[in-house]
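Peer 1: My structure is stored as input-v3.cif, with mmCIF, C-alpha atoms.
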data_structure
#
loop_
_atom_site.label_atom_id
_atom_site.label_comp_id
_atom_site.auth_asym_id
_atom_site.auth_seq_id
_atom_site.Cartn_x
_atom_site.Cartn_y
_atom_site.Cartn_z
CA MET A 1 -51.04 40.72 17.33
CA LYS A 2 -48.18 40.28 14.96
CA LEU A 3 -45.06 42.41 14.96
CA SER A 4 -43.10 42.80 11.75
CA GLU A 5 -39.97 40.74 11.24
CA GLY A 6 -38.15 44.08 11.22
CA VAL A 7 -38.70 44.27 14.98
CA GLU A 8 -36.82 41.01 15.45
CA TRP A 9 -34.08 42.20 13.11
CA GLY A 10 -33.78 45.53 14.91
CA LEU A 11 -33.65 43.93 18.34
CA HIS A 12 -30.91 41.53 17.27
CA CYS A 13 -28.87 44.24 15.56
CA VAL A 14 -28.94 46.64 18.51
CA SER A 15 -28.02 43.71 20.77
CA VAL A 16 -24.93 43.12 18.65
CA LEU A 17 -24.10 46.83 18.63
CA ALA A 18 -24.40 46.89 22.42
CA GLY A 19 -21.35 44.63 22.63
CA LEU A 20 -19.05 46.79 20.51
CA PRO A 21 -16.01 48.42 22.06
CA SER A 22 -16.02 52.20 22.40
CA GLY A 23 -15.53 53.93 19.06
CA ALA A 24 -16.23 50.80 16.99
CA THR A 25 -18.94 50.45 14.37
CA LEU A 26 -20.33 47.71 12.18
CA PRO A 27 -21.55 48.31 8.64
CA THR A 28 -24.97 47.22 7.42
CA LYS A 29 -23.36 44.54 5.28
CA THR A 30 -21.77 42.89 8.33
CA LEU A 31 -24.97 43.02 10.39
CA ALA A 32 -26.94 41.56 7.47
CA GLU A 33 -24.37 38.83 6.85
CA TYR A 34 -24.19 37.88 10.53
CA HIS A 35 -27.96 37.43 10.74
CA GLY A 36 -28.44 36.02 7.21
CA LEU A 37 -30.66 38.95 6.18
CA SER A 38 -31.21 41.13 3.15
CA GLU A 39 -28.85 44.10 3.39
CA THR A 40 -31.30 46.36 1.55
CA TYR A 41 -34.24 45.52 3.79
CA LEU A 42 -32.15 45.66 6.97
CA SER A 43 -30.87 49.09 5.96
CA LYS A 44 -34.44 50.42 6.09
CA HIS A 45 -34.81 49.24 9.70
CA LEU A 46 -31.42 50.57 10.73
CA GLN A 47 -32.47 53.95 9.32
CA ALA A 48 -35.64 53.83 11.45
CA LEU A 49 -33.52 53.10 14.53
CA THR A 50 -31.24 56.00 13.60
CA ASN A 51 -34.23 58.34 13.19
CA ALA A 52 -35.42 57.26 16.65
CA ARG A 53 -31.98 58.17 18.07
CA ILE A 54 -31.29 54.63 19.27
CA ILE A 55 -28.29 54.09 17.01
CA GLU A 56 -26.20 56.42 14.93
CA SER A 57 -24.81 56.09 11.46
CA VAL A 58 -21.17 57.07 11.14
CA PRO A 59 -20.33 57.97 7.53
CA GLY A 60 -17.16 57.19 5.65
CA PRO A 61 -14.97 54.20 4.92
CA ARG A 62 -14.48 53.49 8.63
CA GLY A 63 -18.12 54.15 9.40
CA GLY A 64 -21.07 51.97 10.18
CA TYR A 65 -23.54 51.81 13.05
CA ARG A 66 -23.15 52.03 16.81
CA LEU A 67 -25.43 52.70 19.77
CA LEU A 68 -26.17 56.32 20.47
CA ARG A 69 -26.96 55.66 24.15
CA LEU A 70 -26.03 53.13 26.78
CA PRO A 71 -27.88 49.78 26.62
CA GLU A 72 -29.37 50.52 30.07
CA GLU A 73 -31.04 53.62 28.60
CA ILE A 74 -32.72 51.92 25.63
CA THR A 75 -36.02 50.13 26.19
CA LEU A 76 -37.44 47.37 24.06
CA LEU A 77 -40.54 49.51 23.57
CA GLU A 78 -38.43 52.23 21.94
CA ILE A 79 -37.02 49.71 19.48
CA VAL A 80 -40.43 48.22 18.68
CA GLU A 81 -41.95 51.68 18.15
CA ALA A 82 -39.00 52.81 16.02
CA ILE A 83 -39.59 49.92 13.64
CA ASP A 84 -43.36 49.35 13.73
CA GLY A 85 -44.58 52.78 14.84
CA ARG A 86 -46.78 53.88 17.72
CA GLU A 87 -50.18 53.19 16.23
CA PRO A 88 -52.54 51.21 18.47
CA LEU A 89 -52.48 47.49 17.74
CA PHE A 90 -56.28 47.23 17.88
CA ARG A 91 -58.62 49.63 16.13
CA CYS A 92 -62.23 49.59 17.19
CA THR A 93 -64.46 50.68 14.31
CA GLU A 94 -67.72 50.33 16.28
CA ILE A 95 -69.18 47.59 14.11
CA ARG A 96 -71.87 47.10 16.74
CA GLN A 97 -73.46 50.28 15.31
CA ARG A 98 -73.72 48.78 11.80
CA GLY A 99 -75.94 46.19 10.22
CA PRO A 100 -79.71 45.84 10.02
CA LEU A 101 -80.37 47.48 13.41
CA ALA A 102 -78.25 50.57 12.77
CA CYS A 103 -80.03 53.87 12.99
CA GLU A 104 -79.51 57.37 14.34
CA ALA A 105 -80.37 56.10 17.81
CA SER A 106 -77.56 53.50 17.66
CA ALA A 107 -74.87 56.06 18.46
CA GLN A 108 -76.81 57.18 21.53
CA ALA A 109 -77.46 53.59 22.59
CA TYR A 110 -73.72 52.90 22.62
CA ARG A 111 -72.42 55.88 24.55
CA LEU A 112 -69.73 53.93 26.41
CA PRO A 113 -66.74 52.40 24.65
CA CYS A 114 -67.17 48.86 23.43
CA GLY A 115 -66.13 46.26 26.04
CA ILE A 116 -63.90 44.61 23.45
CA HIS A 117 -62.18 47.93 22.78
CA VAL A 118 -61.65 48.46 26.53
CA ALA A 119 -60.21 44.95 27.01
CA MET A 120 -57.85 45.28 24.03
CA ALA A 121 -56.66 48.72 25.13
CA ARG A 122 -55.98 47.39 28.63
CA ALA A 123 -53.98 44.46 27.23
CA GLU A 124 -51.98 46.71 24.92
CA LYS A 125 -51.19 49.09 27.76
CA ALA A 126 -49.87 46.17 29.84
CA TRP A 127 -47.81 44.90 26.91
CA ARG A 128 -46.28 48.33 26.28
CA GLU A 129 -45.55 48.80 29.99
CA ALA A 130 -43.76 45.44 30.09
CA LEU A 131 -41.59 46.39 27.10
CA LYS A 132 -40.90 49.78 28.67
CA THR A 133 -39.40 48.09 31.74
CA GLN A 134 -37.10 45.82 29.69
CA THR A 135 -33.86 47.37 28.49
CA LEU A 136 -31.36 46.39 25.87
CA ALA A 137 -28.94 45.70 28.73
CA ASP A 138 -31.39 43.09 30.07
CA ILE A 139 -31.35 41.31 26.71
CA VAL A 140 -27.55 41.41 26.45
CA ASN A 141 -27.21 40.07 30.01
CA GLN A 142 -29.66 37.26 29.23
CA TYR A 143 -27.62 36.36 26.14
CA THR A 144 -24.47 35.93 28.21
CA GLN A 145 -26.35 33.61 30.58
CA ASP A 146 -28.19 31.57 27.94
CA VAL A 147 -25.68 31.09 25.15
CA ASP A 148 -22.83 28.60 25.35
CA PRO A 149 -19.53 30.40 26.13
CA GLN A 150 -17.83 28.80 23.10
CA GLN A 151 -20.53 30.19 20.83
CA GLN A 152 -20.14 33.60 22.45
CA GLN A 153 -16.41 33.43 21.82
CA ARG A 154 -16.99 32.49 18.15
CA ARG A 155 -19.39 35.41 17.81
CA ASN A 156 -16.94 37.83 19.42
CA GLN A 157 -14.12 36.65 17.15
CA TRP A 158 -16.27 36.96 14.02
CA MET A 159 -17.36 40.47 15.01
CA SER A 160 -13.87 41.65 15.99
CA GLU A 161 -12.59 40.72 12.52
CA ARG A 162 -15.20 43.02 10.97
CA LEU A 163 -15.17 45.99 13.36
CA ARG A 164 -14.45 49.43 12.08
CA SER A 165 -12.92 52.18 14.19
CA ALA A 166 -14.78 55.45 13.92
CA PRO A 167 -14.35 58.69 15.81
CA LYS A 168 -15.66 58.53 19.37
CA LYS A 169 -19.08 59.92 20.17
CA SER A 170 -19.00 63.56 21.13
#
Here is a file; write its structure as structure tokens.

Peer 2:
Amino acid sequence: MKLSEGVEWGLHCVSVLAGLPSGATLPTKTLAEYHGLSETYLSKHLQALTNARIIESVPGPRGGYRLLRLPEEITLLEIVEAIDGREPLFRCTEIRQRGPLACEASAQAYRLPCGIHVAMARAEKAWREALKTQTLADIVNQYTQDVDPQQQQRRNQWMSERLRSAPKKS
């Protein structure tokens, strides 16, 4: 399984947005600069997060992005699905019914789902359940425990210099 790099970008961006003061936003340019990313490509992922109602885009010269809900209400699964979609990770095409032994009777011989399909579906379900139990707040809390306080202070200073004040959420 391989998630797109957009998932990583989205997770990091919403983590940054989770730390903004009430009413503040950050523009795409700032989020892209902070993470060393392409502004154009990041914009596509931020739009996907907006469409999923995880973040909101505030228009205008003082606009930018901010969370639409509390970090405790946003799961990692929501972010992953907003960026990469909800399609199953594994697609069983029943190749066991192809090849030199394939015939009309093959479909009847394989009435039950393929064991590989069953195992992969079970693993994906567990993976999705694990992401559903992890919230953005969990990630933000982990950051404060794992990252050196001086680095956190540098980050906060850098962000505060680039914050925009937008109207409060209604």

Peer 1: With all atoms listed in the file as the basis for distance, which of A:Gln150, A:Thr75, A:Thr144, A:Gln97 is at the shortest distance from Glu129 of chain A?

Peer 2: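 Distance minimum relative to Glu129 of chain A lands on A:Thr75.
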
Peer 1: With all atoms listed in the file as the basis for distance, which of A:Ala48, A:Ala126, A:Val58, A:Leu136 is at the shortest distance from Thr25 of chain A?

Peer 2: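 Among the listed residues, the smallest separation from Thr25 of chain A belongs to A:Val58.
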
Peer 1: Can you measure atom CA of Arg164 of chain A to atom CA of Gly6 of chain A for me? One decimal in Å is fine.

Peer 2: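 Atom CA of Gly6 of chain A lies at a distance of 24.3 Å from atom CA of Arg164 of chain A.
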
Peer 1: Expand the PyMOL selection byres ((chain A and resi 65) around 6) into the explicit residue set it covers here, and present it as a PyMOL selection string.

Peer 2: chain A and resi 25-27+56-57+64+66

Peer 1: Would you mind exporting the chosen residues as an mmCIF file, in the coordinates of the input, restricted to C-alpha atoms?

Peer 2:
data_model
loop_
_atom_site.group_PDB
_atom_site.id
_atom_site.type_symbol
_atom_site.label_atom_id
_atom_site.label_comp_id
_atom_site.auth_asym_id
_atom_site.auth_seq_id
_atom_site.Cartn_x
_atom_site.Cartn_y
_atom_site.Cartn_z
ATOM 1 C CA THR A 25 -18.940 50.450 14.370
ATOM 2 C CA LEU A 26 -20.330 47.710 12.180
ATOM 3 C CA PRO A 27 -21.550 48.310 8.640
ATOM 4 C CA GLU A 56 -26.200 56.420 14.930
ATOM 5 C CA SER A 57 -24.810 56.090 11.460
ATOM 6 C CA GLY A 64 -21.070 51.970 10.180
ATOM 7 C CA ARG A 66 -23.150 52.030 16.810
#

Peer 1: Against segment 8-23 of chain A, which residues of segment 44-74 of chain A fall within 9 Å? For each one I want the closest pair of atoms and the distance in Å (one decimal), counting only C-alpha atoms, rows by chain and increasing residue number, as JSON lines.

Peer 2:
{"residue": "A:His45", "atom": "CA", "partner": "A:Gly10", "partner_atom": "CA", "distance": 6.5}
{"residue": "A:Leu46", "atom": "CA", "partner": "A:Gly10", "partner_atom": "CA", "distance": 7.0}
{"residue": "A:Leu49", "atom": "CA", "partner": "A:Gly10", "partner_atom": "CA", "distance": 7.6}
{"residue": "A:Ile54", "atom": "CA", "partner": "A:Val14", "partner_atom": "CA", "distance": 8.4}
{"residue": "A:Ile55", "atom": "CA", "partner": "A:Val14", "partner_atom": "CA", "distance": 7.6}
{"residue": "A:Tyr65", "atom": "CA", "partner": "A:Leu17", "partner_atom": "CA", "distance": 7.5}
{"residue": "A:Arg66", "atom": "CA", "partner": "A:Leu17", "partner_atom": "CA", "distance": 5.6}
{"residue": "A:Leu67", "atom": "CA", "partner": "A:Leu17", "partner_atom": "CA", "distance": 6.1}
{"residue": "A:Leu70", "atom": "CA", "partner": "A:Ala18", "partner_atom": "CA", "distance": 7.8}
{"residue": "A:Pro71", "atom": "CA", "partner": "A:Ala18", "partner_atom": "CA", "distance": 6.2}

Peer 1: Please measure the separation of atom CA of Gly85 of chain A and atom CA of His35 of chain A, giving the value in Å to one decimal.

Peer 2: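 For atom CA of Gly85 of chain A relative to atom CA of His35 of chain A, the distance reads 23.0 Å.
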
Peer 1: As a check of understanding, name the residues that the PyMOL selection byres ((chain A and resi 159) around 9) selects in the supplied structure, as a PDB file with C-alpha atoms, in the frame of the given file.

Peer 2:
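Resulting contents of selection-v7.pdb:
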ATOM      1  CA  VAL A  16     -24.930  43.120  18.650  1.00  0.00           C
ATOM      2  CA  LEU A  20     -19.050  46.790  20.510  1.00  0.00           C
ATOM      3  CA  LEU A  26     -20.330  47.710  12.180  1.00  0.00           C
ATOM      4  CA  THR A  30     -21.770  42.890   8.330  1.00  0.00           C
ATOM      5  CA  TYR A  34     -24.190  37.880  10.530  1.00  0.00           C
ATOM      6  CA  ARG A 154     -16.990  32.490  18.150  1.00  0.00           C
ATOM      7  CA  ARG A 155     -19.390  35.410  17.810  1.00  0.00           C
ATOM      8  CA  ASN A 156     -16.940  37.830  19.420  1.00  0.00           C
ATOM      9  CA  GLN A 157     -14.120  36.650  17.150  1.00  0.00           C
ATOM     10  CA  TRP A 158     -16.270  36.960  14.020  1.00  0.00           C
ATOM     11  CA  SER A 160     -13.870  41.650  15.990  1.00  0.00           C
ATOM     12  CA  GLU A 161     -12.590  40.720  12.520  1.00  0.00           C
ATOM     13  CA  ARG A 162     -15.200  43.020  10.970  1.00  0.00           C
ATOM     14  CA  LEU A 163     -15.170  45.990  13.360  1.00  0.00           C
TER      15      LEU A 163
END

Peer 1: How many Å separate atom CA of Thr50 of chain A from atom CA of Ala82 of chain A?

Peer 2: 8.7 Å

Peer 1: So which one's closest to Tyr41 of chain A, A:Glu87, A:Glu81, A:Glu72, A:Glu5? Using only C-alpha atoms, please.

Peer 2: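 Using only C-alpha atoms, Tyr41 of chain A sits closest to A:Glu5.
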
Peer 1: On this structure, which residues satisfy the PyMOL selection byres ((chain A and resi 135) around 9), written as a count of residues only?

Peer 2: 16

Peer 1: So which one's closest to Lys2 of chain A, A:Ile83, A:Val118, A:Ala102, A:Leu89? Using only C-alpha atoms, please.

Peer 2: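 Nearest to Lys2 of chain A: A:Leu89.
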